[in-house]
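Below is one structure, written out as structure tokens; comments come after it.
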Amino acid sequence: MRWYQISADETAEQTNSDPHKGLSTKEVQQRLKRDGRNEWKEEKGISQLALFFGQFKDFMVLVLLVATVISGMLGEYIDSIAILLIVVLNALIGFFQERNAEKSLSKLKELNAPMARVLRDGQWEKISSAELVVGDIVSLSAGDRVPADLRLVSVTSLETEESALTGESLPVAKVTEKLDSDQLGPQDQLNIAFMSTLVTRGSGTGIVIGTGSDTAVGQIAEMLVDTKRKQTPLERRLEKLGKVLIVIALLLTALTVLAGVYRGNPVYEMLLAGVSLAVAVIPEGLPAIVTVALSLGVQRMIKQKAIVRRLSAVETLGSATVICSDKTGTLTENQMTVKEIYLDGNTYTVTGDGYDPSGGFYRDGKDSKEETLYQFLRYGVLSSHAKVFRKKKRWMIDGDPTEGALVVAGKKAGIEEDKLSGYKIVHEIPFDSKRKRMTVLVRNPEGNLVAITKGAPDILIEKAAYHRTEKKLLADKDKKELYQAVDQMAAKALRTIAICVRHFPAGYEPKEEELEKEMIFIGMNGLIDPPRKEARDAIIDCRKAGIKTIMITGDHVKTATAIANMLHILPPGGKVVEGKDLDHMSDEELQADVDKMYVFARVTPEHKLRIVQALQKVGHIVAMTGDGVNDAPAIKASDIGISMGVTGTDVSKEASALVLMDDNFATIKAAIKEGRTIYSNIRKFVRYLLASNVGEILVMLFAMILALPMPLVPIQILWVNLVTDGLPAIALGMDKAEDEVMKQKPRHPNEGVFARGLGTKIVTRGILIGSVTIIAFMLMYQGDPERLIYAQTAAFATLVMAQLIHVFDCRSEKSVFARNPLGNVWLIGAVLSSIILLLAVIYVSPLQPIFHTTDLLMRDWMLILSLSAVPTVLFGFIKR
């Protein structure tokens with residue numbers, strides 16, 4: 001039902017309601033039973049216990065649990081307990097990471113008005129807003145939150161603030177007349193008051209036309225329930241990596257056990273060897289190290305004024321190809337500001353941003369302080385009720401944003417409240433959306449009365465009788481000049497507010513109908529929500545990094561286009577699309593053309609969701625920013641949802657993965673750089689961990705092929721995977737960004753972890769690490785069973801030292817010599833710590849039986865260190 005297209009009387013008839021008496025108690029009960037309470041459905045929660053046990057569903061974890069059981073059955077209890085501890089630790093990390101489940105709908109519910117003033121059985125009463133039904137007559141006044149969707153039947157200067165729902169930055173003046181246009185979006189349905197919006201001025205009454213899920217905000221709640229989060233690129237890559245490793249582990253284990261048994265080796269020995277191989281293939285510490293690296297990135301991003309709510313989202317930012325940004329507050333200041341003044345045929349430029357009263361007035365590039373300008377600004381302040389104040393180093397206003405801008409402009413000229421103490425408002429005609437103007441009658445310090453009218457220029461130009469002074473009639477050529485000035489301001493996306501006055505003789509008390517007659521047209525203010533300076537630089541930097549910025553806003557198309565041009569978002573040939581155009585486009589048509597679209601104006605929450613999904617369908621990794629309830633579904637559906645920390649609603653914050661503490665687009669650029677650095681570091685330690693694992697696998701396979709005893713026992717492999725690999729891998733996660741990180745194009749969404757030669761590096765280094773380890777074992781073993789433990793200790797030490805030297809090669813994609821080896825102090829500390837722990841395992845007597853080690857002679861250390869250096873030094877010199 002398009003309620004805005006029918007009259008108030010027809011609405012009452014359609015809802016079987018009486019505007020004078022309201023509904024009866026009996027009728028209310030019947031409708032409550034039929035339609036339900038004024039609430040919407042919520043997502044089903046998940047119990048803490050189910051969340052914890054859900055961490056064990058991963059295939060890699062299940063294989064490790066099987067290895068745990070086999071080790072226990074074979075009597076290797078230390079190995080079994082160690083593997084089990086690692087599995088539980090990883091599960092706990094995942095549990096705590098995900099414990100803060102979705103709260104979007106519960107927060108959305110908090111926006112509901114708890115109480116509503118309703119007409120029932122001919123009497124006004126206050127009830128819980130949840131008890132409202134279609135057909136109820138509801139009263140609204142300034143400060144109220146609208147309790148349901150209402151078709152307005154009477155208004156007195158009623159304005160509502162709808163930015164959280166529609167993205168419109170200014171309060172909307174409401175009307176009661178029916179609107180004839182087809183397919184109007186919420187922002188244009190001026191005779192509807194929407195649930196959860198705020199009444200900022202005036203009063204009114206309306207008939208309830210929608211409750212719960214049938215309201216505009218309720219439909220957003222439904223979208224939130226139906227919208228599922230996408231896996232992040234990192235989650236997809238790690239899941240794929242895990243499956244590859246599992247297949248390799250199972251094949252190698254089965255092959256080893258069967259080959260050994262076929263050759264006549266004891267089943268017990270071969271099962272133990274199989275478990276050792278499985279443990280060698282699976283990098284047990286990888287999930288924990290990834291989590292630690294992401295957590296470290298989170299801490300760095302907090303310093304950049306970005307709070308991360310989902311760890312995996314940190315890396316996703318680094319692969320973003322498109323940023324869909326809301327206009328108001330993110331790309332702009334979200335503070336209406338007077339930027340130009342047209343007065344006496346001259347145009348004045350007003351400097352200063354937002355509500356900060358510092359700034360000045362310039363004409364033809366020169367500082368200007370004429371008395372006529374001062375008087376014009378004083379008229380603007382006297383006809384405005386907004387107050388400007390400073391809170392926590394931030395200038396803010398209390399009142400209408402447009403009036404606040406006029407008060408700030410006055411402050412820039414030194415017009416403070418104390419200087420206006422001699423002026424007193426004696427009468428006011430409030431703003432009315434039909435009249436498009438408001439008037440105040442002011443008594444000046446001399447006791448004379450002056451009427452000040454401000455409003456739409458097209459209305460005041462036609463109503464004014466004089467221009468500039470009472471001695472000069474407003475001629476047709478003057479009107480033409482004024483309309484040209486209006487058009488010039490509109491071309492710059494400036495919203496124009498004109499001011500007229502009428503002076504009355506001393507002692508004369510005018511009637512209300514005289515106030516807006518024989519007026520003098522004084523001048524016009526040009527206002528805008530100005531673009532952030534730092535946002536433009538950030539957009540240019542993102543373009544260099546191969547990231548496209550798209551503006552999505554509920555604002556008017558002219559304003560959106562002008563701001564997009566100022567910010568360098570809109571390239572030559574780039575398309576600007578309105579919401580009504582999207583309504584006539586199929587999903588296929590949108591996907592075919594979406595790469596040419598840069599600005600979307602007058603859009604609804606459904607449009608935003610469609611845009612995000614269309615970009616994803618054509619292969620983009622989408623970051624979506626927003627601050628309102630209307631942004632929440634698109635934020636949740638995007639690959640990386642970003643909400644505003646200052647102006648954002650709780651709903652948008654809960655739906656997002658990243659919260660900007662300063663609502664600044666430039667912070668997104670800093671977060672993208674951090675995300676790219678984190679992914680680069682993840683590649684570094686995946687390279688390090690898997691090269692080590694390849695080396696361990698080959699050591700075991702070489703031993704099988706050469707009919708040698710096991711060079712490493714499971715507990716030693718586990719020690720290498722967790723302690724030797726773990727500490728340096730974490731330190732690699734703290735590596736600083738390389739210089740070219742923001743000069744590269746975004747990674748392809750389907751790019752695997754092993755892309756760009758990483759797989760080759762892992763295999764070649766792994767082969768050499770395995771080779772030098774088996775050589776060390778053979779040289780020490782010499783076919784003597786009594787030297788087995790000594791040979792295993794030497795192989796263990798060679799494997800550890802080869803990996804600790806190799807870690808420095810992993811800091812660069814180029815060569816071990818490409819970066820200063822002392823550039824990461826955490827890595828130096830981690831390597832030294834691992835060496836100390838290795839020596840403890842070898843030389844501390846109580847640890848020797850646990851790790852199957854024995855003391856090594858000093859002369860053998862020379863051989864071990866020489867062999868350990870071969871993989872890194874050899875490839876380093878080859879590359880150089």
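By convention here, the chains of the structure tokens are called A, B, ... in the order presented, each chain's residues are numbered starting at 1, and ligands are numbered starting at 1 in the order presented.
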
Contacts of Arg394 (chain A) within 9 Å, only C-alpha atoms, excl. fewer than 3 positions in-chain, as a count of residues only: 5

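With only C-alpha atoms taken into account, the protein and nucleic acid residues at most 12 Å from Arg787 (chain A) (excluding it and anything under 3 positions from it in its own chain) are Pro709, Pro711, Phe777, Met778, Leu779, Met780, Tyr781, Gln782, Gly783, Asp784, Tyr790, Ala791, Gln792, Thr793, Ala794, Thr853, Thr854, Asp855 and Leu856 of chain A.
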
Atom-to-atom span, CA of Leu690 (chain A) and CA of Gly766 (chain A), Å: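 So the two atoms, CA of Leu690 (chain A) and CA of Gly766 (chain A), lie 7.8 Å apart.
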
Close residues, Val825 (chain A) itself excluded, 10 Å, only C-alpha atoms, min 5 positions apart in chain, as a list of chain:residue names: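 Counting only C-alpha atoms, the residues come to A:Ala731, A:Met734, A:Asp735, A:Ala830.
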
Would you export the selected residues with N, CA, C and O atoms as a compact mmCIF listing (two decimals), in the first residue's frame, please?
```txt
# COMPACT_ATOMS: atom_id res chain seq x y z
N ALA A 731 57.02 -13.23 15.63
CA ALA A 731 57.87 -12.05 15.40
C ALA A 731 57.77 -11.58 13.95
O ALA A 731 57.78 -10.38 13.67
N MET A 734 55.08 -9.22 13.29
CA MET A 734 55.27 -7.85 13.78
C MET A 734 56.18 -7.04 12.87
O MET A 734 56.56 -5.92 13.19
N ASP A 735 56.54 -7.62 11.72
CA ASP A 735 57.42 -6.92 10.78
C ASP A 735 56.76 -5.64 10.27
O ASP A 735 55.54 -5.60 10.06
N ALA A 830 63.24 -13.48 19.35
CA ALA A 830 62.58 -14.78 19.21
C ALA A 830 63.59 -15.87 18.83
O ALA A 830 63.55 -16.99 19.36
```

Would you tabulate, counting only C-alpha atoms, all residues of region 251-363 of chain A that have an atom at most 9 Å from an atom of region 667-679 of chain A, showing the closest pair of atoms and their distance in Å to one decimal, sorted by chain then ascending number, as a Markdown table?
```
| residue | atom | partner | partner_atom | distance |
| --- | --- | --- | --- | --- |
| A:Ala293 | CA | A:Ile678 | CA | 7.2 |
| A:Leu294 | CA | A:Ile678 | CA | 7.0 |
| A:Gly297 | CA | A:Ile678 | CA | 6.6 |
| A:Arg300 | CA | A:Glu674 | CA | 8.0 |
| A:Met301 | CA | A:Ala671 | CA | 6.4 |
| A:Gln304 | CA | A:Thr667 | CA | 6.7 |
| A:Lys305 | CA | A:Thr667 | CA | 6.9 |
| A:Ala306 | CA | A:Thr667 | CA | 7.0 |
| A:Ala313 | CA | A:Gly675 | CA | 8.4 |
| A:Val314 | CA | A:Gly675 | CA | 5.2 |
| A:Glu315 | CA | A:Gly675 | CA | 4.5 |
| A:Thr316 | CA | A:Gly675 | CA | 6.7 |
| A:Leu317 | CA | A:Ile672 | CA | 5.0 |
| A:Gly318 | CA | A:Arg676 | CA | 4.0 |
| A:Ser319 | CA | A:Arg676 | CA | 7.0 |
| A:Ala320 | CA | A:Ile672 | CA | 7.7 |
```

For Pro445 (chain A), the nearest of the candidates A:Ala506, A:Leu482, A:Ile563, A:Val257, counting only C-alpha atoms: A:Ala506
